[in-house]
Every structure is written in structure tokens, then in C-alpha cells.
Amino acid sequence: MRHLYIHIPFCHRRCAYCDFNTYANMDDRIDAYVQALCAELGMLARQVTPGPPASSEAAALRPTVFLGGGTPTMLSLGQMERVLAAAAALVPLEGAEITSEANPGTVLGRDYLRGLRALGFNRLSMGVQSLHNPTLRILGRIHTAEEARQSYAEAREAGFDNLNLDFIFGLPGQDQAQWEATLDTVASWDVAHFSLYSLILEERTPLYAQVTAGRVSVPDDDAAAAMYEAAIERLGAAGYVQYEISNWVRPGEAPEVLPGTPARACHHNLAYWLNSDYIAAGAGAHGHLYPRRYSDILGIDDYISAVGAGRLPVAEVTELTPHDLWAETMMMGMRLNAGVGEAHFAARCGLSLEAAYGEALADLAGQGLVERAAARVRLTPRGRMLGNRVFERFL
Ligand code: SF4
């Protein structure tokens with residue numbers, strides 16, 4: 001297998017906007033969880049037969065291990081080492097992209113960061129979210145803007161040059177000038193990679209309740225769209241390449257992975273966008289081994305018990321049809337600026353793009369929403385703004 005996602009469902013405190021499968025005040029379970037996780041990885045290594053990459057584009061990706069959460073950096077270095085050793089039974093770590101998400105409030109200084117680097121982690125993804133302290137407080141983040149900047153600087157000093165920073169726009173109290181100032185500041189930090197997301201108000205979160213009760217206001221859709229356009233303009237002017245709807249990377253010396261996709265793009269996420277197979281492990285993790293998707297048990301204690309009883313902690317399996325595979329290959333791939341390659345589609349789906357979607361693509365091209373060139377199909381700038389009109393044609 002070439003791609004592995006590992007979920008670490010612990011956080012010091014839940015952020016006001018978060019609906020991920022993560023739990024606060026359960027730190028006393030971390031060690032038992034790591035033990036269960038390693039056992040699950042061992043079971044998966046015995047049961048999953050890796051297939052070849054689906055296409056030459058998929059084969060160009062590095063193998064990847066991605067620790068997400070939650071807050072993986074709540075694990076000690078010893079626990080991280082155990083997890084990576086168990087992951088090595090599934091994914092070849094030699095030459096792999098090995099990422100951990102990191103909350104700047106939990107990255108415990110240079111020694112911890114150097115330790116991660118020494119274990120083999122070669123990419124960090126830090127959730128900074130905002131450089132505005134009042135906003136960080138409303139979001140319930142456990143760090144200030146200065147602490148985030150300092151964690152980033154320490155990570156660089158510890159040898160992490162392939163580093164992503166996450167930011168959110170459309171935040172409570174945020175205006176265009178504040179967002180543009182944030183973009184200009186971080187563009188001067190020499191960061192390898194940015195992921196910028198528009199705030200999504202998820203039901204059942206404290207922030208959703210505050211906004212619907214009128215206690216907190218957020219920018220409207222037009223204002224958020226203007227912020228997105230400012231990101232495209234300012235990061236582009238600072239030399240970043242936008243290779244996916246929400247992702248920007250600095251170009252480097254190495255050859256591109258896909259057309260318009262520099263080598264330091266996130267290979268793990270590229271595996272998702274190429275609709276590749278990947279294994280997932282950990283409470284609530286979602287895996288994709290065509291013709292199935294599966295998800296693990298959500299709760300930490302239930303997860304530990306299931307693994308302790310010697311069974312794979314799978315909660316749900318969804319059987320996929322060939323048509324699901326075609327549609328997902330299109331909807332994921334069209335998020336990329338490179339779009340979908342005809343050869344990749346044919347190799348992954350077993351029929352030509354023309355046979356699956358020729359008529360729909362001709363119609364969408366006629367409306368100026370997609371363009372076809374060099375054996376690829378991609379969204380036009382207008383198609384990007386009206387993505388839903390395009391995606392519904394693949395379902
Ligand atoms: S740190 Fe991340 S995963 Fe944890 S509560 Fe906040 S947003 Fe959710």
C-alpha cells in the first residue's frame with residue numbers, strides 16, 4: 001500500500017467551530033489508544049493486499065503517511081515512534097512523505113520538533129487559522145498569533161522545510177483589510193505551502209449556535225469570495241502556485257508531480273484528489289480500498305475495546321459501483337488546477353473519459369465551465385466559481 005492516514009482523536013480543548021472526531025480531557029487514554037492503533041495497523045498489514053498504483057500519475061506520488069486529528073502532537077516522541085514503526089509494516093517509509101498535523105499550542109519547543117524530525121517526519125501541517133488574537137479566542141484556539149509564529153520558526157530551525165500552514169477566512173470579526181494584512185505577513189515568512197479554507201459553520205458546534213443566535217457575526221458569502229480572490233492574487237504575486245482549490249505551494253527545483261503542480265505539493269492529499277486507494281486507521285478514520293470505503297468506530301473507548309477483542313474496529317463499509325468510481329475520480333480530480341488526465345481516468349476507471357462523460361463534458365465546455373487540452377480536462381475560472389454546476393453532471 002502506498003498511502004496511509006492515521007487519526008489521533010485527542011485535543012486539549014475543542015475549538016468552537018470544530019466537528020472533527022476528536023475529544024478533550026481524555027489524555028489518560030492516549031497510551032492505550034496508541035497500543036490499539038499499533039495493533040490495528042498490524043492487523044491491516046496482515047489482511048490488506050496492496051495493488052499497483054492505478055495510473056502513471058498515481059505512481060509518480062511518493063508513498064505517504066499522514067497523522068491527522070485531533071492533535072497528533074499530543075503524543076510523546078516515544079508514542080510517535082511506536083506509531084511510525086507500526087505504519088512501516090504497511091507503507092514503505094524510505095522516500096515517503098511523512099506528515100504530522102501540529103497545533104502550535106502543543107508543539108513543545110525545539111527538542112520535540114527535532115525529535116519528530118529524527119524519527120523520520122519530514123512534513124508538518126500547522127493549524128494557525130488566524131493572526132488576530134481576538135478571533136483566535138472566539139475560535140477557542142489554545143495559542144496566540146505570536147505563539148503560532150514562534151512554533152513555525154522553531155519548526156524551521158528543527159529542519160522542517162516542507163511545512164504547511166492552515167488559515168481560515170470568513171472568520172468572525174474578520175474584514176478584507178485584516179485578511180489581506182495576514183496574507184502579506186505570512187507570504188513574507190517563506191512558508192513552503194498554504195492551505196486556506198473558507199469558514200464552514202457546522203451545525204452542532206458552539207460557533208454555529210453563537211452565529212445563529214446573533215451573538216457573533218461572520219462575513220457574508222460575497223465578502224468571503226472577495227477574501228478568496230485576494231488570496232489568489234496576493235499569494236500568486238508572492239510567487240506561490242495554486243495547484244488546488246484551497247492549496248498553494250512554492251515552486252522548487254524538482255520536476256512537477258502533475259502539470260502545474262510543484263513537487264512540494266502535498267502528496268498525501270494528491271492521492272485523495274487522484275482518487276487513489278488508501279488505508280486509514282484510528283477512531284473515526286475513513287479508508288478507501290476500491291470497491292469499498294470504510295470507516296472505523298468513532299469513540300475512543302469503543303475503538304480500544306474492539307481492537308482489544310482482536311477484531312478490526314470497522315464501523316461501516318460502503319460498497320462502491322463503477323459509476324461511483326468514475327464520479328469520484330472526476331469530482332476529486334477537478335479540484336486540481338491540473339484537472340483530470342485522460343490516461344489517468346482510463347487507467348483508474350477502466351473506460352475512456354469520452355465513453356463515461358463525453359457528452360457532459362462537451363456541454364460543459366460549450367458553457368465555458370471546463371476546458372480540454374493536452375489530453376486533460378479542467379475547470380475554467382468561470383467553472384471554479386460555479387463548481388456545483390459542473391460536479392452535478394458527473395453524478
Ligand atoms: S485543534 Fe483542530 S481538531 Fe482539535 S478541536 Fe481544534 S480544530 Fe478540532
# chains A, B, ... in the order shown; residues from 1 in each chain; ligands from 1
call {"tool": "residues_around", "arguments": {"residues": "Ser125 in chain A", "least_positions_apart": "2", "cutoff": "6 Å", "atoms": "only C-alpha atoms", "output": "compact mmCIF listing (two decimals) with N, CA, C and O atoms, in the first residue's frame"}}
result
# COMPACT_ATOMS: atom_id res chain seq x y z
N GLU A 101 0.06 16.56 11.52
CA GLU A 101 -0.59 17.83 11.83
C GLU A 101 -0.07 18.27 13.19
O GLU A 101 0.31 17.45 14.03
N ALA A 102 -0.05 19.59 13.41
CA ALA A 102 0.50 20.10 14.66
C ALA A 102 -0.28 21.33 15.07
O ALA A 102 -0.52 22.22 14.25
N LEU A 163 6.71 22.55 5.04
CA LEU A 163 5.80 22.88 6.12
C LEU A 163 4.57 23.58 5.58
O LEU A 163 4.68 24.49 4.75
N ASN A 164 3.42 23.12 6.01
CA ASN A 164 2.17 23.76 5.59
C ASN A 164 1.59 24.55 6.76
O ASN A 164 1.65 24.12 7.91
N LEU A 165 1.02 25.70 6.45
CA LEU A 165 0.24 26.44 7.44
C LEU A 165 -1.21 26.50 6.95
O LEU A 165 -1.47 26.85 5.81
call {"tool": "closest_atom_pairs", "arguments": {"of": "chain A", "to": "ligand 1", "cutoff": "10 Å", "atoms": "only C-alpha atoms and all ligand atoms", "output": "JSON lines"}}
result
{"residue": "A:Ile8", "atom": "CA", "partner": "ligand 1", "partner_atom_place_in_ligand_line": "3 (S)", "distance": 9.1}
{"residue": "A:Pro9", "atom": "CA", "partner": "ligand 1", "partner_atom_place_in_ligand_line": "3 (S)", "distance": 7.5}
{"residue": "A:Phe10", "atom": "CA", "partner": "ligand 1", "partner_atom_place_in_ligand_line": "4 (Fe)", "distance": 7.0}
{"residue": "A:Cys11", "atom": "CA", "partner": "ligand 1", "partner_atom_place_in_ligand_line": "4 (Fe)", "distance": 4.7}
{"residue": "A:His12", "atom": "CA", "partner": "ligand 1", "partner_atom_place_in_ligand_line": "4 (Fe)", "distance": 7.3}
{"residue": "A:Arg13", "atom": "CA", "partner": "ligand 1", "partner_atom_place_in_ligand_line": "5 (S)", "distance": 6.0}
{"residue": "A:Arg14", "atom": "CA", "partner": "ligand 1", "partner_atom_place_in_ligand_line": "5 (S)", "distance": 3.7}
{"residue": "A:Cys15", "atom": "CA", "partner": "ligand 1", "partner_atom_place_in_ligand_line": "6 (Fe)", "distance": 4.1}
{"residue": "A:Ala16", "atom": "CA", "partner": "ligand 1", "partner_atom_place_in_ligand_line": "5 (S)", "distance": 7.5}
{"residue": "A:Tyr17", "atom": "CA", "partner": "ligand 1", "partner_atom_place_in_ligand_line": "7 (S)", "distance": 6.9}
{"residue": "A:Cys18", "atom": "CA", "partner": "ligand 1", "partner_atom_place_in_ligand_line": "8 (Fe)", "distance": 4.5}
{"residue": "A:Asp19", "atom": "CA", "partner": "ligand 1", "partner_atom_place_in_ligand_line": "8 (Fe)", "distance": 6.6}
{"residue": "A:Phe20", "atom": "CA", "partner": "ligand 1", "partner_atom_place_in_ligand_line": "8 (Fe)", "distance": 5.7}
{"residue": "A:Asn21", "atom": "CA", "partner": "ligand 1", "partner_atom_place_in_ligand_line": "3 (S)", "distance": 7.5}
{"residue": "A:Thr22", "atom": "CA", "partner": "ligand 1", "partner_atom_place_in_ligand_line": "3 (S)", "distance": 6.0}
{"residue": "A:Tyr23", "atom": "CA", "partner": "ligand 1", "partner_atom_place_in_ligand_line": "5 (S)", "distance": 7.6}
{"residue": "A:Ala24", "atom": "CA", "partner": "ligand 1", "partner_atom_place_in_ligand_line": "5 (S)", "distance": 7.9}
{"residue": "A:Gly68", "atom": "CA", "partner": "ligand 1", "partner_atom_place_in_ligand_line": "3 (S)", "distance": 8.3}
{"residue": "A:Gly69", "atom": "CA", "partner": "ligand 1", "partner_atom_place_in_ligand_line": "3 (S)", "distance": 5.2}
{"residue": "A:Gly70", "atom": "CA", "partner": "ligand 1", "partner_atom_place_in_ligand_line": "3 (S)", "distance": 3.7}
{"residue": "A:Thr71", "atom": "CA", "partner": "ligand 1", "partner_atom_place_in_ligand_line": "4 (Fe)", "distance": 5.7}
{"residue": "A:Pro72", "atom": "CA", "partner": "ligand 1", "partner_atom_place_in_ligand_line": "3 (S)", "distance": 9.2}
{"residue": "A:Glu101", "atom": "CA", "partner": "ligand 1", "partner_atom_place_in_ligand_line": "2 (Fe)", "distance": 9.0}
{"residue": "A:Ala102", "atom": "CA", "partner": "ligand 1", "partner_atom_place_in_ligand_line": "1 (S)", "distance": 8.4}
{"residue": "A:Asn103", "atom": "CA", "partner": "ligand 1", "partner_atom_place_in_ligand_line": "1 (S)", "distance": 6.1}
{"residue": "A:Pro104", "atom": "CA", "partner": "ligand 1", "partner_atom_place_in_ligand_line": "1 (S)", "distance": 9.2}
{"residue": "A:Gly105", "atom": "CA", "partner": "ligand 1", "partner_atom_place_in_ligand_line": "1 (S)", "distance": 8.9}
{"residue": "A:Thr106", "atom": "CA", "partner": "ligand 1", "partner_atom_place_in_ligand_line": "1 (S)", "distance": 9.4}
{"residue": "A:Met126", "atom": "CA", "partner": "ligand 1", "partner_atom_place_in_ligand_line": "2 (Fe)", "distance": 9.7}
{"residue": "A:Gly127", "atom": "CA", "partner": "ligand 1", "partner_atom_place_in_ligand_line": "2 (Fe)", "distance": 7.1}
{"residue": "A:Val128", "atom": "CA", "partner": "ligand 1", "partner_atom_place_in_ligand_line": "1 (S)", "distance": 9.7}
{"residue": "A:Gln129", "atom": "CA", "partner": "ligand 1", "partner_atom_place_in_ligand_line": "7 (S)", "distance": 9.1}
{"residue": "A:Leu139", "atom": "CA", "partner": "ligand 1", "partner_atom_place_in_ligand_line": "6 (Fe)", "distance": 8.4}
{"residue": "A:Gly140", "atom": "CA", "partner": "ligand 1", "partner_atom_place_in_ligand_line": "6 (Fe)", "distance": 7.5}
{"residue": "A:Arg141", "atom": "CA", "partner": "ligand 1", "partner_atom_place_in_ligand_line": "6 (Fe)", "distance": 6.4}
{"residue": "A:Ile142", "atom": "CA", "partner": "ligand 1", "partner_atom_place_in_ligand_line": "1 (S)", "distance": 8.0}
call {"tool": "residues_around", "arguments": {"residues": "range 188-203 of chain A", "least_positions_apart": "2", "cutoff": "7 Å", "atoms": "only C-alpha atoms", "output": "PyMOL selection string"}}
result
chain A and resi 17+19+161-171+184-186+205+208+246-250
call {"tool": "closest_residue", "arguments": {"among": "A:His3, A:Arg82, A:His268, A:Arg123", "to": "Ala36 in chain A", "atoms": "only C-alpha atoms"}}
result
A:Arg82
call {"tool": "select_by_dssp", "arguments": {"residues": "range 34-180 of chain A", "states": "alpha helix (DSSP H)", "output": "ChimeraX atom specification"}}
result
/A:34-47,56-59,77-87,109-119,133-139,145-157,176-180
call {"tool": "write_last_selection", "arguments": {"atoms": "C-alpha atoms", "output": "PDB file, in the first residue's frame"}}
result
ATOM      1  CA  VAL A  34      -1.568   4.136  20.731  1.00  0.00           C
ATOM      2  CA  GLN A  35      -1.356   0.476  21.666  1.00  0.00           C
ATOM      3  CA  ALA A  36      -4.709  -0.226  19.967  1.00  0.00           C
ATOM      4  CA  LEU A  37      -3.718   1.813  16.914  1.00  0.00           C
ATOM      5  CA  CYS A  38      -0.491  -0.159  16.500  1.00  0.00           C
ATOM      6  CA  ALA A  39      -2.491  -3.382  16.820  1.00  0.00           C
ATOM      7  CA  GLU A  40      -4.943  -2.199  14.154  1.00  0.00           C
ATOM      8  CA  LEU A  41      -2.070  -1.297  11.836  1.00  0.00           C
ATOM      9  CA  GLY A  42      -0.637  -4.790  12.398  1.00  0.00           C
ATOM     10  CA  MET A  43      -3.991  -6.418  11.536  1.00  0.00           C
ATOM     11  CA  LEU A  44      -4.310  -4.286   8.410  1.00  0.00           C
ATOM     12  CA  ALA A  45      -0.783  -5.228   7.323  1.00  0.00           C
ATOM     13  CA  ARG A  46      -1.756  -8.904   7.544  1.00  0.00           C
ATOM     14  CA  GLN A  47      -5.097  -8.510   5.763  1.00  0.00           C
ATOM     15  CA  SER A  56       1.341   6.555 -14.017  1.00  0.00           C
ATOM     16  CA  GLU A  57       0.166   9.783 -12.344  1.00  0.00           C
ATOM     17  CA  ALA A  58      -0.622   7.880  -9.153  1.00  0.00           C
ATOM     18  CA  ALA A  59       2.721   6.076  -9.418  1.00  0.00           C
ATOM     19  CA  LEU A  77       8.039  11.159  20.926  1.00  0.00           C
ATOM     20  CA  GLY A  78       8.043   7.581  22.211  1.00  0.00           C
ATOM     21  CA  GLN A  79       4.411   7.149  21.178  1.00  0.00           C
ATOM     22  CA  MET A  80       5.100   8.718  17.782  1.00  0.00           C
ATOM     23  CA  GLU A  81       7.961   6.274  17.318  1.00  0.00           C
ATOM     24  CA  ARG A  82       5.678   3.298  18.054  1.00  0.00           C
ATOM     25  CA  VAL A  83       3.072   4.541  15.584  1.00  0.00           C
ATOM     26  CA  LEU A  84       5.623   5.031  12.801  1.00  0.00           C
ATOM     27  CA  ALA A  85       7.151   1.608  13.428  1.00  0.00           C
ATOM     28  CA  ALA A  86       3.682   0.045  13.048  1.00  0.00           C
ATOM     29  CA  ALA A  87       2.991   2.155   9.934  1.00  0.00           C
ATOM     30  CA  GLY A 109       9.641  23.524  21.618  1.00  0.00           C
ATOM     31  CA  ARG A 110      12.738  22.720  19.672  1.00  0.00           C
ATOM     32  CA  ASP A 111      13.592  19.378  21.310  1.00  0.00           C
ATOM     33  CA  TYR A 112      10.204  17.875  20.476  1.00  0.00           C
ATOM     34  CA  LEU A 113      10.391  19.175  16.920  1.00  0.00           C
ATOM     35  CA  ARG A 114      13.951  17.923  16.428  1.00  0.00           C
ATOM     36  CA  GLY A 115      12.818  14.598  17.846  1.00  0.00           C
ATOM     37  CA  LEU A 116       9.999  14.363  15.303  1.00  0.00           C
ATOM     38  CA  ARG A 117      12.419  15.138  12.514  1.00  0.00           C
ATOM     39  CA  ALA A 118      14.850  12.490  13.796  1.00  0.00           C
ATOM     40  CA  LEU A 119      12.048   9.905  13.825  1.00  0.00           C
ATOM     41  CA  ASN A 133      -5.805  37.229  18.821  1.00  0.00           C
ATOM     42  CA  PRO A 134      -9.430  38.260  19.499  1.00  0.00           C
ATOM     43  CA  THR A 135     -10.509  35.973  16.610  1.00  0.00           C
ATOM     44  CA  LEU A 136      -8.357  33.117  17.915  1.00  0.00           C
ATOM     45  CA  ARG A 137     -10.112  33.495  21.267  1.00  0.00           C
ATOM     46  CA  ILE A 138     -13.580  33.363  19.670  1.00  0.00           C
ATOM     47  CA  LEU A 139     -12.492  30.242  17.789  1.00  0.00           C
ATOM     48  CA  ALA A 145      -0.697  34.589  16.904  1.00  0.00           C
ATOM     49  CA  GLU A 146       2.780  35.146  18.330  1.00  0.00           C
ATOM     50  CA  GLU A 147       2.953  31.588  19.654  1.00  0.00           C
ATOM     51  CA  ALA A 148       1.987  30.296  16.207  1.00  0.00           C
ATOM     52  CA  ARG A 149       4.715  32.378  14.581  1.00  0.00           C
ATOM     53  CA  GLN A 150       7.214  31.127  17.135  1.00  0.00           C
ATOM     54  CA  SER A 151       6.207  27.466  16.638  1.00  0.00           C
ATOM     55  CA  TYR A 152       6.593  27.920  12.906  1.00  0.00           C
ATOM     56  CA  ALA A 153      10.080  29.456  13.375  1.00  0.00           C
ATOM     57  CA  GLU A 154      11.085  26.635  15.730  1.00  0.00           C
ATOM     58  CA  ALA A 155       9.871  24.016  13.270  1.00  0.00           C
ATOM     59  CA  ARG A 156      12.008  25.591  10.553  1.00  0.00           C
ATOM     60  CA  GLU A 157      15.023  25.629  12.881  1.00  0.00           C
ATOM     61  CA  GLN A 176     -10.881  42.371   3.997  1.00  0.00           C
ATOM     62  CA  ALA A 177      -8.095  44.626   5.256  1.00  0.00           C
ATOM     63  CA  GLN A 178      -7.285  42.330   8.161  1.00  0.00           C
ATOM     64  CA  TRP A 179      -7.213  39.253   5.888  1.00  0.00           C
ATOM     65  CA  GLU A 180      -5.002  40.984   3.327  1.00  0.00           C
TER      66      GLU A 180
END
call {"tool": "residues_around", "arguments": {"residues": "Arg62 in chain A", "least_positions_apart": "5", "cutoff": "9 Å", "atoms": "only C-alpha atoms", "output": "JSON list (two decimals) with C-alpha atoms, in the first residue's frame"}}
result
[["chain", "number", "residue", "atom", "x", "y", "z"],
["A", 2, "ARG", "CA", 1.27, 3.49, -0.74],
["A", 3, "HIS", "CA", -0.90, 5.83, 1.34],
["A", 95, "GLY", "CA", 11.41, 8.11, 0.43],
["A", 96, "ALA", "CA", 7.92, 8.59, 1.87],
["A", 97, "GLU", "CA", 6.28, 11.90, 2.70],
["A", 267, "HIS", "CA", 1.46, 14.08, -1.98],
["A", 268, "HIS", "CA", -0.92, 12.59, 0.57]]
call {"tool": "select_by_dssp", "arguments": {"residues": "range 279-372 of chain A", "states": "strand (DSSP E)", "output": "PyMOL selection string"}}
result
chain A and resi 279-281+286-289+292-296+314-319+340-341+370-372
call {"tool": "write_last_selection", "arguments": {"atoms": "N, CA and C atoms", "output": "short mmCIF file (atom, residue, chain, number, x, y, z; two decimals), in the first residue's frame"}}
result
data_model
loop_
_atom_site.label_atom_id
_atom_site.label_comp_id
_atom_site.auth_asym_id
_atom_site.auth_seq_id
_atom_site.Cartn_x
_atom_site.Cartn_y
_atom_site.Cartn_z
N ILE A 279 -5.24 3.41 2.93
CA ILE A 279 -5.69 2.76 4.16
C ILE A 279 -5.85 3.84 5.21
N ALA A 280 -6.81 3.68 6.11
CA ALA A 280 -6.94 4.58 7.23
C ALA A 280 -7.04 3.75 8.50
N ALA A 281 -6.48 4.28 9.58
CA ALA A 281 -6.54 3.59 10.86
C ALA A 281 -6.76 4.62 11.95
N HIS A 286 -11.43 7.25 7.90
CA HIS A 286 -12.10 6.75 6.68
C HIS A 286 -11.06 6.26 5.68
N GLY A 287 -11.21 5.03 5.22
CA GLY A 287 -10.29 4.48 4.23
C GLY A 287 -11.00 4.20 2.92
N HIS A 288 -10.23 4.00 1.87
CA HIS A 288 -10.78 3.77 0.52
C HIS A 288 -9.95 2.68 -0.15
N LEU A 289 -10.56 1.52 -0.27
CA LEU A 289 -9.91 0.42 -0.98
C LEU A 289 -10.94 -0.06 -1.99
N ARG A 292 -14.53 -0.54 -2.07
CA ARG A 292 -15.15 -0.23 -0.77
C ARG A 292 -14.57 1.02 -0.17
N ARG A 293 -15.41 1.75 0.58
CA ARG A 293 -14.94 2.74 1.55
C ARG A 293 -15.30 2.19 2.91
N TYR A 294 -14.50 2.50 3.91
CA TYR A 294 -14.84 2.03 5.25
C TYR A 294 -14.50 3.12 6.27
N SER A 295 -15.17 3.04 7.42
CA SER A 295 -14.81 3.97 8.49
C SER A 295 -14.74 3.19 9.80
N ASP A 296 -13.82 3.63 10.64
CA ASP A 296 -13.61 2.97 11.93
C ASP A 296 -14.57 3.52 12.99
N VAL A 314 -13.80 -1.74 12.46
CA VAL A 314 -14.54 -1.10 11.37
C VAL A 314 -16.00 -0.94 11.77
N ALA A 315 -16.54 0.28 11.60
CA ALA A 315 -17.94 0.54 11.96
C ALA A 315 -18.84 0.42 10.75
N GLU A 316 -18.35 0.81 9.59
CA GLU A 316 -19.22 0.91 8.42
C GLU A 316 -18.43 0.64 7.15
N VAL A 317 -19.06 -0.09 6.24
CA VAL A 317 -18.44 -0.34 4.93
C VAL A 317 -19.43 0.08 3.86
N THR A 318 -18.98 0.85 2.89
CA THR A 318 -19.84 1.23 1.76
C THR A 318 -19.29 0.58 0.50
N GLU A 319 -20.18 -0.16 -0.17
CA GLU A 319 -19.77 -0.77 -1.45
C GLU A 319 -19.92 0.28 -2.55
N VAL A 340 -8.19 16.58 -14.68
CA VAL A 340 -8.13 15.11 -14.77
C VAL A 340 -7.47 14.73 -16.09
N GLY A 341 -6.45 13.88 -16.00
CA GLY A 341 -5.79 13.40 -17.21
C GLY A 341 -6.59 12.25 -17.82
N VAL A 370 -15.69 24.17 -18.45
CA VAL A 370 -14.49 23.33 -18.45
C VAL A 370 -13.75 23.55 -19.76
N GLU A 371 -12.46 23.18 -19.74
CA GLU A 371 -11.69 23.25 -20.99
C GLU A 371 -10.91 21.95 -21.15
N ARG A 372 -10.73 21.55 -22.39
CA ARG A 372 -10.00 20.32 -22.66
C ARG A 372 -8.79 20.67 -23.51
#
call {"tool": "closest_residue", "arguments": {"among": "A:Ala209, A:Ala338, A:Val241, A:Met332", "to": "Ser276 in chain A", "atoms": "only C-alpha atoms"}}
result
A:Met332
call {"tool": "atom_distance", "arguments": {"atom1": "CA of Asp324 in chain A", "atom2": "CA of Leu395 in chain A"}}
result
7.8 Å
call {"tool": "atom_distance", "arguments": {"atom1": "CA of Tyr33 in chain A", "atom2": "CA of Pro291 in chain A"}}
result
28.8 Å
call {"tool": "closest_residue", "arguments": {"among": "A:Arg234, A:Ala285, A:Gly383, A:Pro92", "to": "Ala181 in chain A", "atoms": "only C-alpha atoms"}}
result
A:Arg234
call {"tool": "decode", "arguments": {"residues": "range 306-320 of chain A", "atoms": "N, CA and C atoms", "output": "PDB file, in the first residue's frame"}}
result
ATOM      1  N   ALA A 306     -12.710  -2.749  20.852  1.00  0.00           N
ATOM      2  CA  ALA A 306     -12.833  -3.606  19.664  1.00  0.00           C
ATOM      3  C   ALA A 306     -11.477  -4.197  19.293  1.00  0.00           C
ATOM      4  N   VAL A 307     -10.460  -3.356  19.288  1.00  0.00           N
ATOM      5  CA  VAL A 307      -9.134  -3.865  18.913  1.00  0.00           C
ATOM      6  C   VAL A 307      -8.651  -4.851  19.983  1.00  0.00           C
ATOM      7  N   GLY A 308      -8.940  -4.525  21.252  1.00  0.00           N
ATOM      8  CA  GLY A 308      -8.539  -5.410  22.354  1.00  0.00           C
ATOM      9  C   GLY A 308      -9.179  -6.787  22.211  1.00  0.00           C
ATOM     10  N   ALA A 309     -10.372  -6.830  21.611  1.00  0.00           N
ATOM     11  CA  ALA A 309     -11.058  -8.122  21.411  1.00  0.00           C
ATOM     12  C   ALA A 309     -10.527  -8.842  20.169  1.00  0.00           C
ATOM     13  N   GLY A 310      -9.536  -8.247  19.524  1.00  0.00           N
ATOM     14  CA  GLY A 310      -8.871  -8.935  18.411  1.00  0.00           C
ATOM     15  C   GLY A 310      -9.542  -8.754  17.067  1.00  0.00           C
ATOM     16  N   ARG A 311     -10.436  -7.731  16.951  1.00  0.00           N
ATOM     17  CA  ARG A 311     -11.067  -7.561  15.632  1.00  0.00           C
ATOM     18  C   ARG A 311     -10.775  -6.170  15.057  1.00  0.00           C
ATOM     19  N   LEU A 312     -10.866  -6.098  13.749  1.00  0.00           N
ATOM     20  CA  LEU A 312     -10.676  -4.807  13.092  1.00  0.00           C
ATOM     21  C   LEU A 312     -11.813  -3.879  13.536  1.00  0.00           C
ATOM     22  N   PRO A 313     -11.502  -2.644  13.951  1.00  0.00           N
ATOM     23  CA  PRO A 313     -12.524  -1.767  14.526  1.00  0.00           C
ATOM     24  C   PRO A 313     -13.340  -1.012  13.475  1.00  0.00           C
ATOM     25  N   VAL A 314     -13.799  -1.743  12.464  1.00  0.00           N
ATOM     26  CA  VAL A 314     -14.537  -1.096  11.373  1.00  0.00           C
ATOM     27  C   VAL A 314     -16.000  -0.943  11.770  1.00  0.00           C
ATOM     28  N   ALA A 315     -16.537   0.278  11.599  1.00  0.00           N
ATOM     29  CA  ALA A 315     -17.936   0.538  11.961  1.00  0.00           C
ATOM     30  C   ALA A 315     -18.843   0.425  10.747  1.00  0.00           C
ATOM     31  N   GLU A 316     -18.349   0.815   9.589  1.00  0.00           N
ATOM     32  CA  GLU A 316     -19.221   0.914   8.421  1.00  0.00           C
ATOM     33  C   GLU A 316     -18.429   0.640   7.149  1.00  0.00           C
ATOM     34  N   VAL A 317     -19.061  -0.093   6.239  1.00  0.00           N
ATOM     35  CA  VAL A 317     -18.436  -0.345   4.934  1.00  0.00           C
ATOM     36  C   VAL A 317     -19.430   0.080   3.860  1.00  0.00           C
ATOM     37  N   THR A 318     -18.976   0.847   2.887  1.00  0.00           N
ATOM     38  CA  THR A 318     -19.835   1.231   1.764  1.00  0.00           C
ATOM     39  C   THR A 318     -19.289   0.583   0.497  1.00  0.00           C
ATOM     40  N   GLU A 319     -20.183  -0.157  -0.172  1.00  0.00           N
ATOM     41  CA  GLU A 319     -19.774  -0.774  -1.447  1.00  0.00           C
ATOM     42  C   GLU A 319     -19.918   0.277  -2.550  1.00  0.00           C
ATOM     43  N   LEU A 320     -18.933   0.369  -3.398  1.00  0.00           N
ATOM     44  CA  LEU A 320     -18.958   1.371  -4.469  1.00  0.00           C
ATOM     45  C   LEU A 320     -19.214   0.700  -5.813  1.00  0.00           C
TER      46      LEU A 320
END
